[in-house]
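Listing of start_25.txt, compact mmCIF, C-alpha atoms
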```
# COMPACT_ATOMS: atom_id res chain seq x y z
CA MET A 1 124.91 96.58 82.31
CA THR A 2 124.08 99.89 83.88
CA MET A 3 121.39 102.26 82.73
CA VAL A 4 121.35 105.93 83.51
CA SER A 5 118.11 107.25 84.93
CA LYS A 6 116.76 110.08 82.86
CA THR A 7 116.40 113.37 84.67
CA TYR A 8 113.66 115.85 83.92
CA GLU A 9 116.14 118.52 82.92
CA SER A 10 117.99 116.22 80.55
CA VAL A 11 114.87 115.37 78.53
CA THR A 12 114.08 117.64 75.60
CA GLU A 13 110.76 117.93 73.80
CA GLY A 14 111.11 116.40 70.35
CA GLU A 15 113.84 114.04 71.52
CA VAL A 16 113.82 110.78 69.56
CA LEU A 17 114.01 107.50 71.50
CA PRO A 18 116.37 104.74 70.30
CA LEU A 19 114.20 102.58 68.05
CA ILE A 20 113.55 98.85 68.32
CA SER A 21 113.67 96.57 65.30
CA TYR A 22 111.86 93.32 66.02
CA THR A 23 111.23 90.37 63.76
CA VAL A 24 108.02 88.46 64.32
CA ASN A 25 108.63 84.85 63.34
CA LEU A 26 107.73 81.43 64.73
CA HIS A 27 110.65 81.69 67.14
CA SER A 28 109.60 85.02 68.66
CA LEU A 29 105.89 84.11 68.50
CA VAL A 30 106.53 80.94 70.48
CA LYS A 31 108.64 82.82 73.04
CA TYR A 32 105.94 85.42 73.65
CA ALA A 33 103.10 82.88 73.58
CA ALA A 34 104.88 80.75 76.16
CA ALA A 35 105.78 83.67 78.43
CA THR A 36 102.15 84.80 78.42
CA TRP A 37 100.61 81.33 78.61
CA ASP A 38 98.88 81.97 75.29
CA PHE A 39 98.83 78.58 73.64
CA HIS A 40 96.28 79.44 70.96
CA ARG A 41 97.28 77.58 67.80
CA TYR A 42 96.99 80.62 65.53
CA HIS A 43 100.17 82.00 67.06
CA TYR A 44 102.38 79.13 65.85
CA ASP A 45 100.46 76.64 63.67
CA ALA A 46 100.49 77.76 60.02
CA GLU A 47 97.83 75.30 58.88
CA PHE A 48 95.55 76.27 61.73
CA ALA A 49 96.03 79.98 60.98
CA LYS A 50 94.99 79.36 57.36
CA SER A 51 91.94 77.42 58.52
CA VAL A 52 90.67 80.53 60.33
CA GLY A 53 91.29 82.77 57.33
CA MET A 54 94.67 84.18 58.26
CA PRO A 55 97.62 83.90 55.86
CA ALA A 56 100.11 82.88 58.56
CA PRO A 57 100.56 82.74 62.36
CA PHE A 58 100.35 86.21 63.84
CA ALA A 59 101.29 88.26 66.89
CA ASP A 60 98.89 89.07 69.70
CA GLY A 61 98.15 92.79 69.97
CA GLN A 62 99.42 92.95 73.51
CA MET A 63 102.88 92.01 72.24
CA PHE A 64 103.04 95.51 70.76
CA GLY A 65 102.09 96.96 74.12
CA ALA A 66 104.99 95.04 75.64
CA LEU A 67 107.37 96.38 72.97
CA LEU A 68 106.11 99.95 73.36
CA ALA A 69 106.65 99.68 77.13
CA ARG A 70 110.13 98.24 76.53
CA LEU A 71 110.98 101.19 74.26
CA VAL A 72 109.97 103.76 76.87
CA MET A 73 111.26 101.99 79.98
CA SER A 74 114.67 101.26 78.44
CA TRP A 75 115.04 104.87 77.41
CA ALA A 76 113.77 106.35 80.68
CA GLY A 77 116.12 104.23 82.79
CA ARG A 78 116.26 102.61 86.18
CA ASP A 79 113.84 104.75 88.16
CA ALA A 80 111.11 105.16 85.55
CA PHE A 81 107.50 104.27 86.31
CA MET A 82 105.05 103.80 83.46
CA ARG A 83 101.77 105.52 84.26
CA ARG A 84 99.77 105.04 81.10
CA LEU A 85 100.06 103.41 77.69
CA GLN A 86 97.46 103.73 74.93
CA TYR A 87 97.41 102.41 71.39
CA ARG A 88 95.13 101.32 68.58
CA GLN A 89 96.11 98.53 66.23
CA ASN A 90 95.46 99.04 62.52
CA ALA A 91 97.09 95.97 61.00
CA THR A 92 97.95 92.40 61.90
CA VAL A 93 101.61 91.37 61.99
CA PHE A 94 102.31 87.90 60.62
CA ALA A 95 105.23 85.53 60.97
CA ASP A 96 108.33 86.64 59.08
CA GLU A 97 107.49 90.32 59.17
CA THR A 98 109.83 92.85 60.80
CA ILE A 99 108.46 95.81 62.69
CA ILE A 100 110.11 99.03 63.78
CA VAL A 101 109.02 100.56 67.08
CA THR A 102 109.72 104.28 67.31
CA GLY A 103 109.03 107.04 69.80
CA GLN A 104 109.53 110.73 70.39
CA VAL A 105 109.08 112.99 73.39
CA ARG A 106 105.99 115.11 72.84
CA ARG A 107 106.26 117.18 76.01
CA LYS A 108 107.23 117.08 79.65
CA SER A 109 105.31 118.39 82.63
CA MET A 110 105.32 118.45 86.40
CA ASP A 111 102.26 116.67 87.77
CA GLY A 112 101.76 117.21 91.50
CA GLY A 113 105.50 117.72 91.90
CA LYS A 114 106.33 114.59 89.89
CA PRO A 115 108.18 114.79 86.58
CA VAL A 116 106.17 113.17 83.76
CA ILE A 117 107.34 112.64 80.20
CA HIS A 118 104.76 112.25 77.43
CA VAL A 119 105.91 110.09 74.55
CA VAL A 120 104.24 109.45 71.19
CA MET A 121 105.08 106.19 69.44
CA ALA A 122 104.46 104.12 66.33
CA VAL A 123 104.85 100.55 65.13
CA THR A 124 105.53 100.20 61.41
CA LYS A 125 106.29 97.20 59.22
CA ALA A 126 109.52 97.20 57.24
CA ASP A 127 107.46 97.72 54.06
CA GLY A 128 106.00 100.92 55.54
CA THR A 129 102.60 99.52 56.59
CA SER A 130 101.38 101.21 59.74
CA VAL A 131 100.52 98.79 62.55
CA ILE A 132 100.08 101.40 65.28
CA ARG A 133 100.27 105.14 64.95
CA ASP A 134 100.02 107.82 67.62
CA ALA A 135 100.41 105.46 70.55
CA THR A 136 101.01 107.47 73.71
CA ALA A 137 102.78 106.82 76.98
CA GLN A 138 103.19 108.77 80.17
CA VAL A 139 106.26 107.83 82.14
CA GLU A 140 107.13 109.25 85.53
CA LEU A 141 110.76 109.89 86.38
CA ALA A 142 112.11 109.70 89.90
CA PRO A 143 111.80 112.95 91.85
CA GLU A 144 115.33 114.27 91.79
CA ALA A 145 115.55 115.44 95.37
CA ALA A 146 113.95 112.34 96.86
CA PRO A 147 116.22 109.62 98.20
CA SER A 148 115.99 106.26 96.46
CA ALA A 149 114.54 103.26 98.25
CA ALA A 150 118.06 101.92 98.64
CA MET A 151 119.20 105.15 100.29
CA GLN A 152 116.27 105.08 102.68
CA ARG A 153 117.14 101.54 103.59
CA ASP A 154 120.77 102.48 104.24
CA GLU A 155 119.70 105.33 106.47
CA ALA A 156 117.42 103.09 108.47
CA GLN A 157 120.29 100.75 109.35
CA MET B 1 77.92 104.17 60.91
CA ILE B 2 77.71 103.01 64.49
CA LYS B 3 74.74 101.34 66.08
CA ALA B 4 74.13 99.07 68.98
CA THR B 5 74.05 95.52 67.78
CA SER B 6 70.64 94.32 66.67
CA ASN B 7 71.24 90.99 68.35
CA PRO B 8 69.46 91.20 71.73
CA GLU B 9 71.22 88.09 72.99
CA LEU B 10 74.56 89.79 72.38
CA LEU B 11 73.40 92.98 74.09
CA SER B 12 72.60 91.00 77.22
CA TRP B 13 76.35 90.40 77.60
CA ILE B 14 77.02 94.04 78.45
CA GLY B 15 77.87 94.27 82.13
CA ARG B 16 78.95 90.65 82.47
CA GLU B 17 81.97 90.01 84.66
CA ALA B 18 84.62 87.36 85.04
CA THR B 19 87.12 87.19 87.90
CA TYR B 20 90.29 85.10 88.16
CA THR B 21 92.82 84.93 90.95
CA ALA B 22 96.34 83.69 90.32
CA ARG B 23 97.12 80.47 92.11
CA GLU B 24 100.54 81.70 93.16
CA GLU B 25 102.74 84.77 93.38
CA LEU B 26 103.93 86.22 90.09
CA GLY B 27 107.55 85.33 90.82
CA ARG B 28 110.86 86.53 89.49
CA ALA B 29 111.07 83.74 86.91
CA SER B 30 107.84 84.87 85.21
CA ILE B 31 109.18 88.42 85.12
CA ARG B 32 112.52 87.42 83.62
CA TYR B 33 110.81 85.11 81.13
CA PHE B 34 108.48 87.87 79.90
CA ALA B 35 111.43 90.23 79.41
CA LEU B 36 113.36 87.50 77.62
CA ALA B 37 110.40 86.86 75.31
CA ILE B 38 110.55 90.40 73.87
CA ASP B 39 114.36 90.69 73.94
CA ASP B 40 114.11 93.24 76.73
CA ASP B 41 117.51 93.47 78.45
CA ASN B 42 116.42 96.07 81.02
CA PRO B 43 118.21 94.92 84.20
CA LEU B 44 115.33 96.20 86.33
CA TYR B 45 113.57 92.94 85.48
CA ARG B 46 116.38 90.49 86.15
CA ASP B 47 119.29 91.98 88.08
CA ALA B 48 118.49 92.05 91.81
CA ASP B 49 121.51 94.17 92.74
CA TYR B 50 120.77 96.75 90.09
CA ALA B 51 117.07 96.82 90.98
CA ALA B 52 117.91 97.18 94.68
CA GLU B 53 119.42 100.59 93.92
CA SER B 54 116.28 101.75 92.08
CA ARG B 55 113.31 103.62 93.53
CA TYR B 56 111.64 100.22 93.80
CA GLY B 57 114.29 98.63 95.98
CA GLY B 58 114.03 95.37 94.04
CA ILE B 59 112.92 93.64 90.87
CA VAL B 60 109.58 94.73 89.41
CA ALA B 61 107.53 93.40 86.51
CA PRO B 62 107.46 94.98 83.05
CA PRO B 63 104.36 97.19 82.90
CA THR B 64 102.06 95.06 80.75
CA LEU B 65 102.99 91.64 82.15
CA ILE B 66 99.99 91.31 84.47
CA CYS B 67 97.68 92.47 81.68
CA GLU B 68 98.35 89.11 80.05
CA THR B 69 95.89 87.15 82.14
CA ASN B 70 96.05 83.60 80.74
CA GLN B 71 98.31 82.64 83.61
CA PHE B 72 95.69 83.68 86.17
CA ALA B 73 92.66 82.28 84.36
CA GLY B 74 93.77 78.66 84.39
CA GLU B 75 90.86 77.60 82.19
CA THR B 76 90.61 74.16 80.65
CA GLU B 77 92.35 74.01 77.29
CA ASP B 78 89.88 74.47 74.44
CA SER B 79 90.04 72.93 70.96
CA ASN B 80 92.27 75.81 69.82
CA GLY B 81 94.79 75.13 72.56
CA TYR B 82 93.73 78.26 74.44
CA ILE B 83 93.60 78.33 78.26
CA GLY B 84 92.94 82.03 78.80
CA HIS B 85 89.93 84.19 79.54
CA HIS B 86 87.43 84.61 76.78
CA TRP B 87 83.79 85.58 76.50
CA ASP B 88 81.70 82.85 74.95
CA LEU B 89 79.83 85.42 72.87
CA PRO B 90 77.01 84.34 70.56
CA ILE B 91 78.90 85.40 67.43
CA ASN B 92 79.23 82.94 64.58
CA ASN B 93 82.66 82.51 63.08
CA GLY B 94 85.70 83.32 65.08
CA ARG B 95 87.62 85.91 63.11
CA PHE B 96 88.94 88.12 65.84
CA MET B 97 91.06 91.25 65.74
CA ARG B 98 92.60 93.47 68.35
CA GLY B 99 91.28 97.01 68.39
CA SER B 100 92.85 99.06 71.11
CA ASN B 101 94.32 98.98 74.60
CA ASP B 102 94.47 101.70 77.21
CA TYR B 103 96.55 100.67 80.21
CA GLU B 104 96.84 102.68 83.38
CA PHE B 105 99.39 101.67 86.00
CA PHE B 106 99.00 102.75 89.60
CA HIS B 107 101.64 100.79 91.52
CA PRO B 108 104.73 98.82 90.61
CA VAL B 109 104.06 95.08 90.32
CA LEU B 110 106.30 92.99 92.54
CA PRO B 111 107.35 89.34 92.25
CA THR B 112 105.45 88.72 95.50
CA ASP B 113 102.15 90.00 94.10
CA ARG B 114 99.34 87.51 93.70
CA VAL B 115 97.05 89.06 91.13
CA THR B 116 93.29 89.02 90.84
CA VAL B 117 91.90 90.22 87.52
CA LYS B 118 88.29 91.26 87.06
CA TRP B 119 86.98 91.62 83.52
CA LYS B 120 83.76 93.43 82.70
CA ILE B 121 82.11 94.01 79.31
CA THR B 122 81.31 97.70 79.02
CA GLU B 123 80.08 98.15 75.45
CA ILE B 124 79.05 96.15 72.38
CA TYR B 125 78.29 97.84 69.08
CA GLU B 126 78.36 97.27 65.34
CA ARG B 127 80.05 99.32 62.67
CA LYS B 128 79.73 98.90 58.91
CA THR B 129 83.05 99.05 57.10
CA ARG B 130 83.73 99.15 53.37
CA LYS B 131 86.52 96.60 53.41
CA LEU B 132 85.31 94.05 55.96
CA GLY B 133 81.54 94.48 56.10
CA THR B 134 79.79 94.69 59.45
CA LEU B 135 82.11 94.33 62.43
CA ILE B 136 81.18 93.85 66.07
CA PHE B 137 83.19 95.84 68.61
CA VAL B 138 83.36 94.51 72.16
CA SER B 139 84.87 96.77 74.81
CA SER B 140 85.81 95.56 78.23
CA VAL B 141 87.74 96.79 81.20
CA ALA B 142 90.05 94.70 83.33
CA SER B 143 91.21 95.71 86.78
CA TYR B 144 94.16 94.07 88.49
CA HIS B 145 94.49 93.94 92.26
CA ASN B 146 97.12 92.29 94.41
CA GLN B 147 96.58 90.12 97.50
CA ASP B 148 96.27 93.22 99.70
CA GLY B 149 93.47 94.65 97.57
CA LYS B 150 95.75 97.30 96.08
CA LEU B 151 94.72 98.37 92.58
CA LEU B 152 97.79 97.80 90.42
CA ALA B 153 96.47 98.60 86.96
CA THR B 154 93.49 98.80 84.65
CA ASN B 155 93.19 97.90 80.99
CA LYS B 156 90.43 99.19 78.73
CA GLU B 157 90.40 96.96 75.70
CA THR B 158 88.37 96.81 72.51
CA ASN B 159 88.32 93.69 70.38
CA ILE B 160 86.73 93.31 66.98
CA TYR B 161 84.81 90.33 65.65
CA GLN B 162 83.92 89.70 62.03
CA PRO B 163 80.71 87.67 62.09
```
For the file at hand, write its structure as structure tokens.
Amino acid sequence: MTMVSKTYESVTEGEVLPLISYTVNLHSLVKYAAATWDFHRYHYDAEFAKSVGMPAPFADGQMFGALLARLVMSWAGRDAFMRRLQYRQNATVFADETIIVTGQVRRKSMDGGKPVIHVVMAVTKADGTSVIRDATAQVELAPEAAPSAAMQRDEAQ
Amino acid sequence: MIKATSNPELLSWIGREATYTAREELGRASIRYFALAIDDDNPLYRDADYAAESRYGGIVAPPTLICETNQFAGETEDSNGYIGHHWDLPINNGRFMRGSNDYEFFHPVLPTDRVTVKWKITEIYERKTRKLGTLIFVSSVASYHNQDGKLLATNKETNIYQP
């Protein structure tokens, strides 16, 4: 698989990022819990979740941060660097719910000679319930004139 | 309505810190596993040849990976199965909700980074809500440094407790 690095010129304000559809279920909850060493029972044990007043096992809020970062980094390509990611969670996502992660370019700017893209994002359940609205990310693209690390290495040889 | 919590014992927690240092380097396996866990097929996290051509010159971690600090904390498993960082706040009942996260990233995180996270409670306050009654908001900031003392990222986080 190859991914094209976005260039500053190629990005347009208002551009819509390819969305992510993600189903939270015991399978995906266990995968994320394991990868983040989060063995709390309320992420995978239905009876335990009920005992603490939740209807079903549920996703940790930082999972949405990971998905928002995935959305932006996949779109921005190989040389992207995430500078900032902000979001507020309004609803809990339980096992067997599907969420849609969406994003749109709000604006682009040069910051100290570095190209920065500002993206606004949302996480919404399939039934329309808002989980996160107005999440924001700032992603830096590679300076177009600067040689890549690989090129610098080649030149040094 | 917002007010500082009336519980003086709880207020005394503002300013408390907790620091954890990872026992080992992050490693490429952890990076690939995290990407796998969220169905992230970005080759920057798993394809060394592809990543070598990037500005980074090699594989880097997905942005929020190191903000998941259970791996570094290495606490003893509690009765809920949890081994991560938590504040043993004097709040009865454990209903806990995520409020918000504000991550700032300053340097790419490499597989060779050995991370130290420092948590600090910055604010505790109550807010009355119509649906859920009085809620307690606990804000903290985490900073993540590598073995060379380089600041990799910060995470301002607010969590909500329903007492």
Query - Proximity to chain A - best of B:Phe137, B:Phe105, B:Tyr20, B:Trp119, only C-alpha atoms - result: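 The shortest atom-to-atom distance to chain A comes from B:Phe105.
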Determine, using all atoms listed in the file, which residues of chain A have any atom at most 7 Å from an atom of chain B, and tabulate each with its shortest atom pair and distance in Å to one decimal place, rows ordered by chain and then rising number, as a Markdown table.
```
| residue | atom | partner | partner_atom | distance |
| --- | --- | --- | --- | --- |
| A:Ser28 | CA | B:Ala37 | CA | 6.9 |
| A:Lys31 | CA | B:Ala37 | CA | 5.0 |
| A:Tyr32 | CA | B:Ala37 | CA | 5.0 |
| A:Ala35 | CA | B:Phe34 | CA | 5.2 |
| A:Thr36 | CA | B:Glu68 | CA | 6.0 |
| A:Trp37 | CA | B:Asn70 | CA | 5.5 |
| A:Asp38 | CA | B:Asn70 | CA | 6.4 |
| A:Phe39 | CA | B:Tyr82 | CA | 5.2 |
| A:His40 | CA | B:Tyr82 | CA | 4.5 |
| A:Arg41 | CA | B:Asn80 | CA | 5.7 |
| A:Val52 | CA | B:Arg95 | CA | 6.8 |
| A:Gly61 | CA | B:Arg98 | CA | 5.8 |
| A:Gly65 | CA | B:Thr64 | CA | 6.9 |
| A:Ala66 | CA | B:Thr64 | CA | 5.9 |
| A:Leu67 | CA | B:Ile38 | CA | 6.8 |
| A:Ala69 | CA | B:Pro63 | CA | 6.7 |
| A:Arg70 | CA | B:Asp40 | CA | 6.4 |
| A:Ser74 | CA | B:Asn42 | CA | 6.1 |
| A:Arg78 | CA | B:Ser54 | CA | 6.0 |
| A:Asp79 | CA | B:Ser54 | CA | 5.5 |
| A:Met82 | CA | B:Phe105 | CA | 6.6 |
| A:Arg83 | CA | B:Phe105 | CA | 4.8 |
| A:Arg84 | CA | B:Glu104 | CA | 4.4 |
| A:Leu85 | CA | B:Tyr103 | CA | 5.1 |
| A:Gln86 | CA | B:Asp102 | CA | 4.3 |
| A:Tyr87 | CA | B:Asn101 | CA | 5.6 |
| A:Arg88 | CA | B:Ser100 | CA | 4.1 |
| A:Gln89 | CA | B:Gly99 | CA | 5.5 |
| A:Ser148 | CA | B:Arg55 | CA | 4.8 |
| A:Ala149 | CA | B:Arg55 | CA | 4.9 |
| A:Ala150 | CA | B:Glu53 | CA | 5.1 |
```
Query - Coordinates-based distance that separates CA of Phe58 in chain A from CA of Ala95 in chain A (Å, one decimal) - result: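 Computed distance, CA of Ala95 in chain A to CA of Phe58 in chain A, equals 5.7 Å.
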Non-local contacts of range 114-131 of chain A (10 Å; all atoms listed in the file; under 5 positions in same chain excluded) as a PDB file with C-alpha atoms, keeping the file's coordinate frame:
```pdb
ATOM      1  CA  THR A   7     116.400 113.370  84.670  1.00  0.00           C
ATOM      2  CA  TYR A   8     113.660 115.850  83.920  1.00  0.00           C
ATOM      3  CA  GLU A   9     116.140 118.520  82.920  1.00  0.00           C
ATOM      4  CA  VAL A  11     114.870 115.370  78.530  1.00  0.00           C
ATOM      5  CA  THR A  12     114.080 117.640  75.600  1.00  0.00           C
ATOM      6  CA  GLU A  13     110.760 117.930  73.800  1.00  0.00           C
ATOM      7  CA  GLY A  14     111.110 116.400  70.350  1.00  0.00           C
ATOM      8  CA  GLU A  15     113.840 114.040  71.520  1.00  0.00           C
ATOM      9  CA  VAL A  16     113.820 110.780  69.560  1.00  0.00           C
ATOM     10  CA  LEU A  17     114.010 107.500  71.500  1.00  0.00           C
ATOM     11  CA  LEU A  19     114.200 102.580  68.050  1.00  0.00           C
ATOM     12  CA  ILE A  20     113.550  98.850  68.320  1.00  0.00           C
ATOM     13  CA  SER A  21     113.670  96.570  65.300  1.00  0.00           C
ATOM     14  CA  TYR A  22     111.860  93.320  66.020  1.00  0.00           C
ATOM     15  CA  THR A  23     111.230  90.370  63.760  1.00  0.00           C
ATOM     16  CA  GLY A  61      98.150  92.790  69.970  1.00  0.00           C
ATOM     17  CA  PHE A  64     103.040  95.510  70.760  1.00  0.00           C
ATOM     18  CA  LEU A  67     107.370  96.380  72.970  1.00  0.00           C
ATOM     19  CA  LEU A  68     106.110  99.950  73.360  1.00  0.00           C
ATOM     20  CA  LEU A  71     110.980 101.190  74.260  1.00  0.00           C
ATOM     21  CA  VAL A  72     109.970 103.760  76.870  1.00  0.00           C
ATOM     22  CA  ALA A  76     113.770 106.350  80.680  1.00  0.00           C
ATOM     23  CA  ALA A  80     111.110 105.160  85.550  1.00  0.00           C
ATOM     24  CA  PHE A  81     107.500 104.270  86.310  1.00  0.00           C
ATOM     25  CA  MET A  82     105.050 103.800  83.460  1.00  0.00           C
ATOM     26  CA  ARG A  83     101.770 105.520  84.260  1.00  0.00           C
ATOM     27  CA  ARG A  84      99.770 105.040  81.100  1.00  0.00           C
ATOM     28  CA  LEU A  85     100.060 103.410  77.690  1.00  0.00           C
ATOM     29  CA  GLN A  86      97.460 103.730  74.930  1.00  0.00           C
ATOM     30  CA  TYR A  87      97.410 102.410  71.390  1.00  0.00           C
ATOM     31  CA  ARG A  88      95.130 101.320  68.580  1.00  0.00           C
ATOM     32  CA  GLN A  89      96.110  98.530  66.230  1.00  0.00           C
ATOM     33  CA  ASN A  90      95.460  99.040  62.520  1.00  0.00           C
ATOM     34  CA  ALA A  91      97.090  95.970  61.000  1.00  0.00           C
ATOM     35  CA  THR A  92      97.950  92.400  61.900  1.00  0.00           C
ATOM     36  CA  VAL A  93     101.610  91.370  61.990  1.00  0.00           C
ATOM     37  CA  GLU A  97     107.490  90.320  59.170  1.00  0.00           C
ATOM     38  CA  THR A  98     109.830  92.850  60.800  1.00  0.00           C
ATOM     39  CA  ILE A  99     108.460  95.810  62.690  1.00  0.00           C
ATOM     40  CA  ILE A 100     110.110  99.030  63.780  1.00  0.00           C
ATOM     41  CA  VAL A 101     109.020 100.560  67.080  1.00  0.00           C
ATOM     42  CA  THR A 102     109.720 104.280  67.310  1.00  0.00           C
ATOM     43  CA  GLY A 103     109.030 107.040  69.800  1.00  0.00           C
ATOM     44  CA  GLN A 104     109.530 110.730  70.390  1.00  0.00           C
ATOM     45  CA  VAL A 105     109.080 112.990  73.390  1.00  0.00           C
ATOM     46  CA  ARG A 106     105.990 115.110  72.840  1.00  0.00           C
ATOM     47  CA  ARG A 107     106.260 117.180  76.010  1.00  0.00           C
ATOM     48  CA  LYS A 108     107.230 117.080  79.650  1.00  0.00           C
ATOM     49  CA  SER A 109     105.310 118.390  82.630  1.00  0.00           C
ATOM     50  CA  THR A 136     101.010 107.470  73.710  1.00  0.00           C
ATOM     51  CA  ALA A 137     102.780 106.820  76.980  1.00  0.00           C
ATOM     52  CA  GLN A 138     103.190 108.770  80.170  1.00  0.00           C
ATOM     53  CA  VAL A 139     106.260 107.830  82.140  1.00  0.00           C
ATOM     54  CA  GLU A 140     107.130 109.250  85.530  1.00  0.00           C
ATOM     55  CA  LEU A 141     110.760 109.890  86.380  1.00  0.00           C
ATOM     56  CA  ALA A 142     112.110 109.700  89.900  1.00  0.00           C
ATOM     57  CA  PRO A 143     111.800 112.950  91.850  1.00  0.00           C
ATOM     58  CA  GLU A 144     115.330 114.270  91.790  1.00  0.00           C
TER      59      GLU A 144
END
```
Requested in this report: Could you tell me how far CA of Ala59 in chain A lies from CA of Leu29 in chain A, in Å and to one decimal?
Outcome: 6.4 Å
Report task. Just give me the gap between CA of His85 in chain B and CA of Pro111 in chain B in Å, one decimal is fine. Result ->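 If I compute the distance from CA of His85 in chain B to CA of Pro111 in chain B, I get 22.2 Å.
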Neighbour list for Ala18 in chain B as a PDB file with C-alpha atoms, in the coordinates of the input, cut-off 12 Å, all atoms listed in the file, skip fewer than 5 positions in-chain:
```
ATOM      1  CA  TRP B  13      76.350  90.400  77.600  1.00  0.00           C
ATOM      2  CA  THR B  69      95.890  87.150  82.140  1.00  0.00           C
ATOM      3  CA  PHE B  72      95.690  83.680  86.170  1.00  0.00           C
ATOM      4  CA  ALA B  73      92.660  82.280  84.360  1.00  0.00           C
ATOM      5  CA  GLU B  75      90.860  77.600  82.190  1.00  0.00           C
ATOM      6  CA  GLY B  84      92.940  82.030  78.800  1.00  0.00           C
ATOM      7  CA  HIS B  85      89.930  84.190  79.540  1.00  0.00           C
ATOM      8  CA  HIS B  86      87.430  84.610  76.780  1.00  0.00           C
ATOM      9  CA  TRP B  87      83.790  85.580  76.500  1.00  0.00           C
ATOM     10  CA  ASP B  88      81.700  82.850  74.950  1.00  0.00           C
ATOM     11  CA  THR B 116      93.290  89.020  90.840  1.00  0.00           C
ATOM     12  CA  VAL B 117      91.900  90.220  87.520  1.00  0.00           C
ATOM     13  CA  LYS B 118      88.290  91.260  87.060  1.00  0.00           C
ATOM     14  CA  TRP B 119      86.980  91.620  83.520  1.00  0.00           C
ATOM     15  CA  LYS B 120      83.760  93.430  82.700  1.00  0.00           C
ATOM     16  CA  ILE B 121      82.110  94.010  79.310  1.00  0.00           C
ATOM     17  CA  SER B 140      85.810  95.560  78.230  1.00  0.00           C
ATOM     18  CA  VAL B 141      87.740  96.790  81.200  1.00  0.00           C
ATOM     19  CA  ALA B 142      90.050  94.700  83.330  1.00  0.00           C
ATOM     20  CA  SER B 143      91.210  95.710  86.780  1.00  0.00           C
TER      21      SER B 143
END
```
Report task. Could you give me, as a PyMOL selection string, the residues that have an atom at most 10 Å away from the point (73.7, 92.8, 71.5) in the coordinates of the file, using all atoms listed in the file? Result -> chain B and resi 4-14+89-91+123-126+136+138
Around all the atoms of range 58-68 of chain A listed in the file, with 8 Å of room on each side, what axis-aligned box do you get, giving centre and edge lengths in Å to one decimal, as lines of an AutoDock Vina configuration file?
```
center_x = 102.8
center_y = 93.1
center_z = 69.7
size_x = 25.2
size_y = 29.7
size_z = 27.8
```
Query - Nearest to Ala56 in chain A by atom-to-atom distance, counting only C-alpha atoms, from A:Ser5, A:Ala34, A:Phe94, A:Gly77 - result: A:Phe94
**Report entry** Long-range neighbours of Glu24 in chain B as a list in words, 9 Å cut-off, only C-alpha atoms, 5 positions minimum in chain
**Finding:** Phe72, Thr112, Asp113, Arg114 and Val115 of chain B
For range 69-81 of chain B, supply N, CA and C atoms and format the output as a short mmCIF file (atom, residue, chain, number, x, y, z; two decimals), in the coordinates of the input.
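Saved file rebuild.cif follows:
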```
data_model
loop_
_atom_site.label_atom_id
_atom_site.label_comp_id
_atom_site.auth_asym_id
_atom_site.auth_seq_id
_atom_site.Cartn_x
_atom_site.Cartn_y
_atom_site.Cartn_z
N THR B 69 96.55 87.80 81.00
CA THR B 69 95.89 87.15 82.14
C THR B 69 95.70 85.64 81.99
N ASN B 70 96.23 85.06 80.92
CA ASN B 70 96.05 83.60 80.74
C ASN B 70 96.55 82.83 81.95
N GLN B 71 97.68 83.31 82.48
CA GLN B 71 98.31 82.64 83.61
C GLN B 71 97.38 82.58 84.83
N PHE B 72 96.57 83.62 85.00
CA PHE B 72 95.69 83.68 86.17
C PHE B 72 94.41 82.88 85.93
N ALA B 73 93.96 82.87 84.65
CA ALA B 73 92.66 82.28 84.36
C ALA B 73 92.65 80.78 84.63
N GLY B 74 93.68 80.10 84.14
CA GLY B 74 93.77 78.66 84.39
C GLY B 74 92.55 77.88 83.90
N GLU B 75 92.01 78.30 82.76
CA GLU B 75 90.86 77.60 82.19
C GLU B 75 91.30 76.27 81.58
N THR B 76 90.33 75.42 81.34
CA THR B 76 90.61 74.16 80.65
C THR B 76 90.94 74.47 79.19
N GLU B 77 91.93 73.78 78.66
CA GLU B 77 92.35 74.01 77.29
C GLU B 77 91.20 73.74 76.32
N ASP B 78 90.95 74.69 75.42
CA ASP B 78 89.88 74.47 74.44
C ASP B 78 90.46 73.83 73.17
N SER B 79 89.60 73.66 72.16
CA SER B 79 90.04 72.93 70.96
C SER B 79 91.09 73.71 70.18
N ASN B 80 91.24 75.00 70.47
CA ASN B 80 92.27 75.81 69.82
C ASN B 80 93.58 75.83 70.62
N GLY B 81 93.59 75.13 71.73
CA GLY B 81 94.79 75.13 72.56
C GLY B 81 94.81 76.25 73.58
#
```
